[in-house]
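The file data-v5.cif comes next; it holds mmCIF, C-alpha atoms and all ligand atoms.
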```
data_upload
loop_
_atom_site.label_atom_id
_atom_site.label_comp_id
_atom_site.auth_asym_id
_atom_site.auth_seq_id
_atom_site.Cartn_x
_atom_site.Cartn_y
_atom_site.Cartn_z
CA MET S 1 -39.92 -61.57 -17.37
CA LYS S 2 -43.17 -60.86 -15.56
CA ILE S 3 -43.67 -62.21 -12.05
CA LEU S 4 -46.91 -61.77 -10.16
CA VAL S 5 -46.69 -61.63 -6.36
CA LEU S 6 -49.77 -62.55 -4.33
CA ASN S 7 -50.46 -62.11 -0.65
CA SER S 8 -53.82 -63.71 0.08
CA GLY S 9 -55.75 -63.04 3.24
CA SER S 10 -59.08 -64.58 4.19
CA SER S 11 -61.06 -61.70 2.63
CA SER S 12 -58.36 -59.82 0.77
CA LEU S 13 -55.80 -60.25 -1.96
CA LYS S 14 -52.81 -57.96 -2.33
CA PHE S 15 -50.87 -58.15 -5.57
CA GLN S 16 -47.94 -56.66 -7.43
CA LEU S 17 -46.73 -57.40 -10.91
CA PHE S 18 -42.97 -57.07 -11.35
CA ASP S 19 -40.82 -56.97 -14.40
CA MET S 20 -37.73 -58.97 -13.48
CA PRO S 21 -34.82 -58.62 -13.21
CA SER S 22 -35.39 -54.86 -13.57
CA LYS S 23 -37.55 -54.98 -10.35
CA LYS S 24 -39.94 -52.51 -11.97
CA VAL S 25 -43.44 -52.55 -10.45
CA LEU S 26 -45.95 -52.64 -13.31
CA VAL S 27 -49.12 -53.04 -11.27
CA LYS S 28 -49.84 -52.73 -7.60
CA GLY S 29 -53.23 -53.29 -6.05
CA LEU S 30 -55.61 -54.86 -3.63
CA ALA S 31 -58.94 -56.65 -3.64
CA GLU S 32 -60.84 -56.16 -0.39
CA ARG S 33 -63.97 -57.61 1.22
CA ILE S 34 -63.86 -60.80 -0.84
CA GLY S 35 -66.88 -62.96 0.03
CA GLU S 36 -68.92 -60.00 1.24
CA LYS S 37 -71.88 -58.24 -0.37
CA THR S 38 -69.78 -55.39 -1.66
CA GLY S 39 -66.12 -55.53 -2.50
CA GLN S 40 -63.51 -53.16 -3.84
CA PHE S 41 -60.85 -53.89 -6.40
CA LYS S 42 -57.95 -51.50 -6.96
CA ALA S 43 -55.12 -51.83 -9.45
CA ASN S 44 -52.86 -48.80 -9.93
CA ASP S 45 -55.33 -45.92 -10.51
CA TYR S 46 -58.23 -48.16 -11.48
CA VAL S 47 -60.86 -48.68 -8.77
CA VAL S 48 -64.08 -50.65 -9.01
CA GLU S 49 -66.72 -51.47 -6.40
CA GLN S 50 -67.93 -54.96 -7.13
CA ALA S 51 -68.89 -58.06 -5.18
CA MET S 52 -66.25 -60.79 -5.40
CA PRO S 53 -67.71 -64.02 -4.02
CA SER S 54 -64.26 -65.64 -3.88
CA HIS S 55 -60.59 -65.06 -4.66
CA LYS S 56 -61.29 -66.35 -8.16
CA GLU S 57 -63.37 -63.29 -9.10
CA ALA S 58 -60.64 -61.04 -7.67
CA LEU S 59 -57.97 -62.69 -9.81
CA GLU S 60 -60.27 -62.54 -12.82
CA LEU S 61 -60.66 -58.79 -12.33
CA LEU S 62 -56.89 -58.54 -12.14
CA THR S 63 -56.46 -60.59 -15.31
CA GLY S 64 -59.00 -58.38 -17.09
CA TYR S 65 -57.05 -55.32 -16.01
CA LEU S 66 -53.73 -56.81 -17.12
CA LEU S 67 -55.12 -57.72 -20.54
CA GLN S 68 -56.72 -54.33 -21.28
CA PRO S 69 -54.81 -53.23 -24.40
CA GLU S 70 -54.67 -49.59 -23.28
CA ASN S 71 -52.88 -50.60 -20.07
CA ASN S 72 -50.12 -52.04 -22.19
CA LEU S 73 -49.14 -54.70 -19.64
CA ILE S 74 -49.55 -58.17 -21.15
CA LYS S 75 -51.05 -59.49 -24.37
CA ASN S 76 -51.92 -62.90 -22.99
CA LYS S 77 -51.89 -64.62 -19.61
CA ASN S 78 -48.93 -66.82 -20.52
CA GLU S 79 -46.67 -63.81 -20.19
CA ILE S 80 -46.93 -64.27 -16.43
CA ILE S 81 -44.06 -66.72 -16.08
CA ALA S 82 -44.34 -67.23 -12.35
CA VAL S 83 -46.57 -66.42 -9.41
CA GLY S 84 -44.85 -65.95 -6.05
CA HIS S 85 -47.13 -66.56 -3.07
CA ARG S 86 -46.56 -65.41 0.47
CA VAL S 87 -47.27 -68.34 2.78
CA VAL S 88 -47.18 -67.57 6.47
CA HIS S 89 -46.27 -70.91 8.01
CA GLY S 90 -43.79 -73.38 6.60
CA GLY S 91 -43.25 -75.32 9.83
CA ASN S 92 -39.98 -77.25 9.98
CA THR S 93 -40.47 -78.43 6.43
CA PHE S 94 -39.95 -75.38 4.30
CA VAL S 95 -36.66 -73.57 4.70
CA GLN S 96 -36.38 -72.31 1.11
CA PRO S 97 -38.55 -70.83 -1.63
CA THR S 98 -40.45 -73.84 -2.93
CA LEU S 99 -42.00 -74.77 -6.26
CA ILE S 100 -45.61 -75.70 -5.55
CA THR S 101 -46.64 -79.29 -6.23
CA THR S 102 -49.50 -81.44 -4.96
CA GLU S 103 -47.28 -82.65 -2.09
CA VAL S 104 -46.35 -79.09 -1.16
CA LYS S 105 -50.03 -78.13 -1.02
CA GLU S 106 -50.75 -81.16 1.18
CA LYS S 107 -48.00 -80.09 3.54
CA ILE S 108 -49.28 -76.49 3.68
CA LYS S 109 -52.66 -78.00 4.62
CA GLU S 110 -51.06 -80.05 7.39
CA LEU S 111 -49.72 -76.79 8.78
CA PHE S 112 -53.21 -75.26 9.07
CA SER S 113 -53.28 -76.03 12.79
CA LEU S 114 -50.14 -73.90 13.30
CA ALA S 115 -51.50 -70.89 11.37
CA PRO S 116 -55.28 -71.23 11.31
CA LEU S 117 -55.88 -67.63 10.25
CA HIS S 118 -53.32 -67.48 7.48
CA ASN S 119 -52.36 -70.76 5.82
CA PRO S 120 -55.92 -71.62 4.62
CA ALA S 121 -56.19 -68.23 2.89
CA ASN S 122 -52.71 -68.63 1.42
CA LEU S 123 -53.65 -72.02 0.00
CA THR S 124 -56.85 -70.61 -1.50
CA GLY S 125 -54.70 -68.00 -3.25
CA ILE S 126 -52.40 -70.71 -4.61
CA GLU S 127 -55.23 -72.90 -5.90
CA THR S 128 -56.98 -69.97 -7.53
CA ALA S 129 -53.78 -68.78 -9.22
CA GLU S 130 -53.16 -72.31 -10.51
CA GLU S 131 -56.59 -72.23 -12.12
CA ILE S 132 -56.18 -68.81 -13.68
CA PHE S 133 -52.50 -68.80 -14.60
CA GLN S 134 -52.17 -72.40 -15.71
CA GLN S 135 -48.91 -71.92 -17.58
CA ALA S 136 -47.17 -70.08 -14.76
CA ARG S 137 -44.87 -71.66 -12.22
CA GLN S 138 -46.29 -71.27 -8.75
CA VAL S 139 -43.79 -70.62 -5.98
CA ALA S 140 -44.31 -70.43 -2.21
CA ILE S 141 -42.20 -68.07 -0.11
CA PHE S 142 -42.62 -68.77 3.60
CA ASP S 143 -42.63 -66.16 6.35
CA THR S 144 -41.06 -68.65 8.75
CA ALA S 145 -38.30 -69.86 6.40
CA PHE S 146 -35.71 -67.16 7.21
CA HIS S 147 -35.91 -68.13 10.89
CA GLN S 148 -35.12 -71.79 10.31
CA THR S 149 -31.44 -70.99 10.91
CA ILE S 150 -32.20 -70.10 14.55
CA PRO S 151 -30.12 -72.58 16.57
CA GLU S 152 -31.79 -75.11 18.85
CA LYS S 153 -30.66 -73.28 21.98
CA ASN S 154 -32.80 -70.36 20.81
CA HIS S 155 -35.72 -72.14 19.17
CA ARG S 156 -36.50 -74.69 21.88
CA TYR S 157 -38.75 -74.14 24.86
CA ALA S 158 -37.79 -75.67 28.20
CA ILE S 159 -40.82 -77.96 28.27
CA PRO S 160 -40.96 -81.77 27.97
CA ALA S 161 -39.19 -83.08 24.88
CA LYS S 162 -42.25 -84.86 23.50
CA PHE S 163 -43.79 -81.48 22.72
CA TYR S 164 -40.69 -80.45 20.80
CA GLN S 165 -40.98 -83.66 18.82
CA GLN S 166 -44.58 -82.68 18.02
CA GLY S 167 -43.31 -79.42 16.55
CA ILE S 168 -43.76 -77.07 19.50
CA ARG S 169 -40.84 -74.68 19.09
CA LYS S 170 -40.11 -71.11 18.14
CA TYR S 171 -40.82 -70.54 14.43
CA GLY S 172 -40.78 -66.76 14.19
CA PHE S 173 -42.63 -64.62 11.63
CA HIS S 174 -42.18 -61.55 9.39
CA GLY S 175 -39.22 -63.52 8.00
CA ILE S 176 -39.53 -62.09 4.49
CA SER S 177 -39.27 -58.56 5.88
CA HIS S 178 -36.43 -59.29 8.32
CA GLN S 179 -34.57 -61.02 5.50
CA TYR S 180 -35.07 -58.15 3.06
CA VAL S 181 -33.89 -55.37 5.38
CA SER S 182 -31.10 -57.36 7.04
CA LYS S 183 -29.70 -58.31 3.63
CA LYS S 184 -29.55 -54.60 2.77
CA ALA S 185 -27.91 -53.75 6.09
CA HIS S 186 -25.45 -56.62 5.74
CA GLU S 187 -24.45 -55.33 2.29
CA MET S 188 -24.17 -51.75 3.58
CA LEU S 189 -21.88 -52.88 6.40
CA GLY S 190 -19.76 -54.62 3.80
CA LYS S 191 -18.42 -57.42 6.01
CA THR S 192 -19.31 -61.07 6.45
CA ASP S 193 -19.26 -61.21 10.26
CA SER S 194 -22.08 -58.76 10.90
CA LYS S 195 -24.27 -58.33 13.98
CA ILE S 196 -27.63 -56.77 13.16
CA ILE S 197 -30.93 -56.27 14.95
CA THR S 198 -33.97 -55.70 12.73
CA LEU S 199 -37.12 -54.18 14.22
CA HIS S 200 -40.22 -54.83 12.10
CA LEU S 201 -42.78 -52.51 13.70
CA GLY S 202 -46.13 -52.65 11.92
CA ASN S 203 -49.52 -53.72 13.28
CA GLY S 204 -47.75 -56.94 14.13
CA ALA S 205 -44.20 -56.43 15.37
CA SER S 206 -41.09 -58.47 15.93
CA ALA S 207 -37.38 -58.06 16.57
CA THR S 208 -34.75 -60.33 15.06
CA ALA S 209 -31.07 -60.85 15.82
CA VAL S 210 -29.31 -61.48 12.52
CA LEU S 211 -25.82 -62.89 12.94
CA ASN S 212 -23.59 -63.07 9.86
CA GLY S 213 -26.61 -62.73 7.59
CA GLN S 214 -28.67 -65.47 9.27
CA SER S 215 -31.54 -65.28 11.71
CA PHE S 216 -30.15 -66.16 15.14
CA ASP S 217 -33.10 -65.31 17.39
CA THR S 218 -36.46 -63.62 17.06
CA SER S 219 -39.13 -62.31 19.39
CA MET S 220 -42.17 -64.10 17.99
CA GLY S 221 -42.33 -67.77 18.83
CA PHE S 222 -44.58 -70.75 18.24
CA GLY S 223 -47.27 -68.25 17.26
CA PRO S 224 -47.32 -64.57 16.39
CA MET S 225 -48.44 -63.19 19.78
CA ASN S 226 -45.16 -63.40 21.64
CA GLY S 227 -42.47 -60.77 22.06
CA LEU S 228 -43.05 -57.07 21.47
CA ILE S 229 -46.20 -55.15 22.38
CA MET S 230 -48.23 -54.80 19.17
CA GLY S 231 -51.31 -52.96 17.89
CA THR S 232 -53.77 -55.43 19.40
CA ARG S 233 -51.53 -58.31 20.60
CA SER S 234 -50.12 -58.52 24.09
CA GLY S 235 -46.56 -59.59 23.38
CA ASP S 236 -44.81 -61.35 26.29
CA ILE S 237 -47.01 -62.09 29.27
CA ASP S 238 -46.73 -64.45 32.22
CA GLN S 239 -48.35 -67.80 31.31
CA SER S 240 -50.03 -67.86 34.73
CA ILE S 241 -52.44 -65.19 33.51
CA ILE S 242 -53.94 -67.68 31.07
CA PHE S 243 -54.59 -70.23 33.83
CA TYR S 244 -56.02 -67.53 36.04
CA LEU S 245 -58.47 -66.51 33.31
CA ILE S 246 -59.51 -70.14 32.77
CA GLU S 247 -59.88 -71.04 36.42
CA LYS S 248 -61.12 -67.83 37.99
CA GLU S 249 -62.99 -66.22 35.11
CA GLY S 250 -64.18 -69.43 33.44
CA MET S 251 -62.98 -68.27 30.05
CA SER S 252 -62.71 -70.54 27.03
CA PRO S 253 -59.51 -70.89 24.95
CA GLN S 254 -61.23 -68.91 22.15
CA GLU S 255 -62.12 -66.06 24.49
CA ILE S 256 -58.58 -65.84 25.82
CA GLN S 257 -57.15 -66.06 22.32
CA ASN S 258 -59.43 -63.22 21.27
CA ILE S 259 -58.33 -61.08 24.22
CA LEU S 260 -54.60 -61.66 23.73
CA ASN S 261 -54.77 -61.34 19.95
CA LYS S 262 -57.37 -58.66 19.32
CA GLN S 263 -58.08 -56.76 22.55
CA SER S 264 -54.59 -56.27 23.95
CA GLY S 265 -51.43 -54.38 23.05
CA MET S 266 -51.67 -50.64 22.32
CA LYS S 267 -55.43 -50.91 21.92
CA ALA S 268 -55.75 -52.09 25.51
CA LEU S 269 -53.25 -49.59 26.89
CA ALA S 270 -54.22 -46.46 24.97
CA GLY S 271 -57.59 -47.19 23.35
CA SER S 272 -56.30 -47.28 19.77
CA ASN S 273 -54.11 -49.56 17.72
CA ASP S 274 -53.15 -46.77 15.35
CA LEU S 275 -49.89 -45.30 16.52
CA ARG S 276 -50.67 -41.94 14.96
CA ASP S 277 -53.65 -41.52 17.33
CA ILE S 278 -51.54 -42.53 20.30
CA GLU S 279 -48.74 -40.11 19.42
CA ALA S 280 -51.28 -37.29 19.04
CA ALA S 281 -52.85 -38.11 22.41
CA ALA S 282 -49.44 -38.36 24.11
CA ALA S 283 -48.53 -34.93 22.71
CA GLN S 284 -51.69 -33.64 24.42
CA LYS S 285 -50.34 -35.09 27.71
CA ASP S 286 -52.74 -38.05 27.76
CA ILE S 287 -51.24 -40.20 30.51
CA LYS S 288 -52.48 -43.53 29.12
CA ALA S 289 -51.00 -42.77 25.71
CA GLN S 290 -47.68 -41.71 27.26
CA LEU S 291 -47.49 -44.90 29.32
CA ALA S 292 -48.41 -47.00 26.28
CA LEU S 293 -45.57 -45.46 24.24
CA GLU S 294 -43.11 -45.95 27.09
CA MET S 295 -44.12 -49.61 27.43
CA TYR S 296 -44.02 -50.11 23.66
CA ALA S 297 -40.48 -48.77 23.42
CA GLY S 298 -39.50 -50.55 26.64
CA ALA S 299 -40.45 -53.94 25.25
CA ILE S 300 -38.27 -53.26 22.20
CA LYS S 301 -35.34 -52.18 24.38
CA LYS S 302 -35.53 -55.44 26.34
CA TYR S 303 -35.01 -57.39 23.14
CA ILE S 304 -32.20 -55.11 21.96
CA GLY S 305 -30.38 -55.70 25.25
CA ASN S 306 -31.03 -59.43 25.04
CA TYR S 307 -29.69 -59.69 21.49
CA ILE S 308 -26.61 -57.54 22.10
CA ALA S 309 -25.77 -59.79 25.04
CA GLN S 310 -26.24 -62.91 22.95
CA MET S 311 -24.25 -61.67 19.94
CA ASN S 312 -21.61 -59.94 22.07
CA GLY S 313 -22.09 -56.65 20.24
CA LEU S 314 -24.00 -54.91 17.51
CA ASP S 315 -23.07 -53.28 14.19
CA ALA S 316 -26.45 -52.01 13.05
CA LEU S 317 -29.94 -51.44 14.40
CA ILE S 318 -32.66 -51.34 11.73
CA PHE S 319 -36.12 -49.80 11.96
CA THR S 320 -38.72 -50.90 9.41
CA ALA S 321 -42.49 -51.28 8.61
CA GLY S 322 -45.26 -48.72 9.21
CA ILE S 323 -44.14 -47.57 12.66
CA GLY S 324 -40.41 -48.20 12.25
CA GLU S 325 -40.32 -46.22 9.01
CA ASN S 326 -42.62 -43.38 10.03
CA SER S 327 -42.54 -42.78 13.76
CA ASP S 328 -39.66 -40.56 14.86
CA VAL S 329 -41.25 -40.65 18.32
CA VAL S 330 -40.86 -44.42 18.67
CA ARG S 331 -37.33 -44.38 17.21
CA GLU S 332 -36.40 -41.65 19.68
CA LEU S 333 -37.89 -43.48 22.68
CA VAL S 334 -36.20 -46.75 21.71
CA SER S 335 -32.80 -45.10 21.26
CA GLN S 336 -32.85 -43.10 24.49
CA ASN S 337 -30.50 -44.13 27.31
CA MET S 338 -28.58 -46.50 25.11
CA GLU S 339 -25.19 -44.71 25.21
CA TYR S 340 -23.82 -47.52 27.34
CA LEU S 341 -24.60 -49.93 24.49
CA GLY S 342 -23.09 -47.60 21.90
CA ILE S 343 -26.42 -46.63 20.34
CA GLY S 344 -27.40 -43.04 19.65
CA ILE S 345 -29.46 -41.23 17.03
CA ASP S 346 -29.25 -37.75 15.61
CA ALA S 347 -32.45 -35.81 16.41
CA THR S 348 -32.44 -33.83 13.15
CA LYS S 349 -31.81 -36.88 11.00
CA ASN S 350 -34.44 -38.82 12.91
CA LYS S 351 -37.09 -36.24 12.00
CA ASN S 352 -36.47 -36.80 8.32
CA PRO S 353 -34.53 -40.00 7.61
CA LYS S 354 -35.30 -39.88 3.88
CA ASN S 355 -33.06 -36.82 3.55
CA TYR S 356 -30.17 -38.86 4.93
CA ASN S 357 -30.66 -42.12 3.03
CA GLY S 358 -32.21 -43.56 6.16
CA ASP S 359 -29.02 -43.11 8.19
CA ILE S 360 -30.04 -41.57 11.53
CA THR S 361 -26.87 -42.53 13.41
CA HIS S 362 -25.51 -39.95 15.86
CA ILE S 363 -21.92 -38.94 15.21
CA SER S 364 -20.88 -40.44 18.57
CA SER S 365 -22.73 -43.75 18.05
CA LYS S 366 -20.68 -46.94 17.63
CA VAL S 367 -23.70 -48.73 16.25
CA LYS S 368 -25.24 -47.69 12.92
CA VAL S 369 -28.93 -46.87 13.19
CA TRP S 370 -30.75 -47.11 9.88
CA VAL S 371 -34.34 -46.73 8.72
CA ILE S 372 -34.75 -49.18 5.84
CA PRO S 373 -38.19 -49.40 4.20
CA THR S 374 -39.28 -53.00 3.93
CA ASN S 375 -40.54 -54.46 0.67
CA GLU S 376 -41.89 -57.95 1.20
CA GLU S 377 -43.40 -58.12 -2.29
CA LEU S 378 -40.06 -57.34 -3.94
CA GLU S 379 -38.31 -59.93 -1.76
CA ILE S 380 -40.90 -62.52 -2.88
CA ALA S 381 -40.33 -61.54 -6.52
CA LEU S 382 -36.54 -61.76 -6.09
CA GLN S 383 -36.71 -65.19 -4.43
CA THR S 384 -39.19 -66.46 -7.03
CA TYR S 385 -36.98 -65.20 -9.85
CA LYS S 386 -33.93 -66.86 -8.31
CA LEU S 387 -35.74 -70.18 -7.86
CA ILE S 388 -37.03 -70.46 -11.38
CA GLY S 389 -33.48 -69.75 -12.49
CA GLN S 390 -33.91 -67.37 -15.37
P1 LIG J 401 -49.16 -54.12 8.72
O1 LIG J 401 -48.52 -54.92 9.79
O2 LIG J 401 -50.65 -54.19 8.74
O3 LIG J 401 -48.54 -54.27 7.34
P2 LIG J 401 -47.92 -51.49 8.68
O4 LIG J 401 -46.52 -51.94 8.50
O5 LIG J 401 -48.58 -50.76 7.57
O6 LIG J 401 -48.87 -52.64 9.20
O7 LIG J 401 -47.95 -50.54 9.99
C1 LIG J 401 -49.13 -50.04 10.51
C2 LIG J 401 -48.80 -49.12 11.68
O8 LIG J 401 -47.96 -48.05 11.23
C3 LIG J 401 -50.01 -48.48 12.33
O9 LIG J 401 -49.92 -48.58 13.74
C4 LIG J 401 -49.88 -47.01 11.93
O10 LIG J 401 -50.41 -46.19 12.91
C5 LIG J 401 -48.39 -46.85 11.85
N1 LIG J 401 -48.03 -45.67 11.05
C6 LIG J 401 -48.21 -45.49 9.73
N2 LIG J 401 -47.81 -44.24 9.37
C7 LIG J 401 -47.38 -43.63 10.50
C8 LIG J 401 -46.85 -42.33 10.81
N3 LIG J 401 -46.68 -41.41 9.86
N4 LIG J 401 -46.51 -42.08 12.08
C9 LIG J 401 -46.66 -43.01 13.04
N5 LIG J 401 -47.15 -44.24 12.82
C10 LIG J 401 -47.51 -44.54 11.58
#
```
Please, can you express the file's structure as structure tokens?
Amino acid sequence: MKILVLNSGSSSLKFQLFDMPSKKVLVKGLAERIGEKTGQFKANDYVVEQAMPSHKEALELLTGYLLQPENNLIKNKNEIIAVGHRVVHGGNTFVQPTLITTEVKEKIKELFSLAPLHNPANLTGIETAEEIFQQARQVAIFDTAFHQTIPEKNHRYAIPAKFYQQGIRKYGFHGISHQYVSKKAHEMLGKTDSKIITLHLGNGASATAVLNGQSFDTSMGFGPMNGLIMGTRSGDIDQSIIFYLIEKEGMSPQEIQNILNKQSGMKALAGSNDLRDIEAAAAQKDIKAQLALEMYAGAIKKYIGNYIAQMNGLDALIFTAGIGENSDVVRELVSQNMEYLGIGIDATKNKNPKNYNGDITHISSKVKVWVIPTNEELEIALQTYKLIGQ
């Protein structure tokens, strides 16, 4: 059965076509600069520069590619049995993969205020796919859903209760990724009562404590700026800074949002949000880059300590996403001085985790340390396949 997975951004559309249950990827691609004068569409090795006024034209290009007889993918559109959509915010409503109906779309719209950058684009993707793949079942997989198991003691803020009733609470993000890698780790540990910390370190970054297979706490909160230091986001800061910027600098909410979201993090500390640049600069003894890396790893360590204390132990520490999977420097910095907590990595294995099936655990380490590549698209395909029950 063929399942199409879509991840729609405001000006982009990432897609993968899976054959399920074999999990084989038949097509992988990306449409970029949708709505701009020039756009680019890529599917496998096929690349075309073409303006795409909206997501519709992007999906039409994809359909054209899929139907090309020489590509040998599908003979007609009805072969796409389901489309799985990544939706960033599911609020308190969506805790499971959900078949999309008119009511579901209304609810996703109601959640626009909680994810103004993402949910509108996700809904556009859904509506366009409904138009183009009319026979297919449309399924929403929410990035917040995995974190809905976080207990109240960890998802509430100590602010007046009326705000909680309005929905101000920790939601957490990157749930599809944390779920995918923690499920793998849980299986690898081979026991039901597992204690895992997953570190999703990409442009955005978050840490999650996964207790017995369920999300128990996570570093992002009501929005995706909290927690770890990220490419351009600040992570945890003292709230007083915001009031200072309003009162003393006369800044507007939008200006502050822009600073904390787009001008902060590694970009503010080291002048780049690409970790490769920062590592190269640090190797050349650039003091700013060295400090930035130390702070980046330090923020992660604070969460590791927090979660070990909360779970009363740890079985496995997981590194994933662009930085987690590729940066031996960050993995090394995070794992340093953790002997007391039973965490240690092997320097040789850390240089080349792929040669060791991702297992970089030091022989003396109580805790397993694994590099597990994330695959959000596959997780969406798996959950979609499970929901439609075939
Ligand atoms: P996104 O959150 O946009 O999906 P990714 O998971 O692709 O991001 O991660 C992007 C980050 O991964 C960037 O900071 C990039 O510098 C970093 N990265 C990618 N490859 C490497 C590498 N070989 N070494 C160090 N960092 C890397």
Subject >> Residues within 7 Å of Thr198 in chain S, only C-alpha atoms, excluding chain neighbours under 6 positions, as a list in words >> reply: His178, Ser182, Ala207, Thr208, Ala209, Leu317, Ile318 and Phe319 of chain S
**OP:** Compile the contact shell of Ile176 in chain S as a VMD selection string: residues with an atom at most 12 Å away, counting all atoms listed in the file, same-chain residues fewer than 4 positions apart removed.
**Re:** chain S and resid 85 to 89 95 to 97 140 to 147 172 180 to 183 198 200 208 215 321 374 to 383
**OP:** Find, counting all atoms listed in the file, the residue in S:Pro151, S:Gly305, S:Gly9, S:Gly190 that gets nearest to ligand LIG 401 (chain J).
**Re:**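 Between S:Pro151, S:Gly305, S:Gly9, S:Gly190, the residue approaching ligand LIG 401 (chain J) most closely is S:Gly9.
Straight-line separation from CA of Leu62 in chain S to CA of Tyr385 in chain S: 21.1 Å.
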Original post:
Do you know which residues are at most 10 Å from Ala299 in chain S counting only C-alpha atoms, after dropping those on the same chain fewer than 3 positions away, and could you put them as a list in words?
Top reply: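 Neighbouring residues, sequence-local ones excluded: Gly227, Leu228, Ile229, Met230, Gly235, Asp236, Leu293, Glu294, Met295, Tyr296, Lys302, Tyr303, Ile304 and Val334 of chain S.
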**OP:** Between S:Gly231, S:Gly84, S:Pro373, S:Gly344, single out the one closest to ligand LIG 401 (chain J), counting only C-alpha atoms and all ligand atoms.
**Re:** S:Gly231
**OP:** For Lys77 in chain S, please output as a ChimeraX atom specification all residues within 9 Å (counting only C-alpha atoms; exclusion window: fewer than 5 positions along the same chain).
**Re:** /S:63,66-67,132-136
Centre and edges of the ligand LIG 401 (chain J) box, axis-aligned, 8 Å extra per side, as lines of an AutoDock Vina configuration file:
```
center_x = -48.6
center_y = -48.2
center_z = 10.5
size_x = 20.1
size_y = 29.5
size_z = 22.4
```
Could you make a table, as a Markdown table, of the residues of chain S that have an atom within 6 Å of an atom of ligand LIG 401 (chain J), each with its nearest atom pair and distance in Å to one decimal, counting all atoms listed in the file, in chain and number order?
```
| residue | atom | partner | partner_atom | distance |
| --- | --- | --- | --- | --- |
| S:Gly202 | CA | J:LIG401 | O7 | 3.4 |
| S:Asn203 | CA | J:LIG401 | O1 | 3.8 |
| S:Gly204 | CA | J:LIG401 | O1 | 4.8 |
| S:Asn273 | CA | J:LIG401 | O9 | 5.9 |
| S:Asp274 | CA | J:LIG401 | O10 | 3.7 |
| S:Leu275 | CA | J:LIG401 | O10 | 3.8 |
| S:Arg276 | CA | J:LIG401 | C9 | 4.6 |
| S:Ala321 | CA | J:LIG401 | O4 | 4.1 |
| S:Gly322 | CA | J:LIG401 | O7 | 3.3 |
| S:Ile323 | CA | J:LIG401 | O8 | 4.1 |
| S:Asn326 | CA | J:LIG401 | C8 | 4.4 |
| S:Ser327 | CA | J:LIG401 | C9 | 4.2 |
```
Original post:
Could you work out how far CA of Glu36 in chain S lies from CA of Ala51 in chain S, giving the answer in Å with one decimal?
Top reply: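 Going from CA of Ala51 in chain S over to CA of Glu36 in chain S, I get 6.7 Å.
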Subject >> Close residues, His118 in chain S itself excluded, 12 Å, only C-alpha atoms, min 3 positions apart in chain, as a ChimeraX atom specification >> reply: /S:7-12,86-90,108-109,111-115,121-125,142-143,173,223-224
Original post:
Taking only C-alpha atoms into account, which of S:Val104, S:Leu199, S:Leu341, S:Val27 comes nearest Asn72 in chain S?
Top reply: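 That would be S:Val27, the residue with the smallest distance to Asn72 in chain S.
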Original post:
So how far away is CA of Lys349 in chain S from CA of Glu187 in chain S, in Å?
Top reply: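 Going from CA of Glu187 in chain S over to CA of Lys349 in chain S, I get 21.7 Å.
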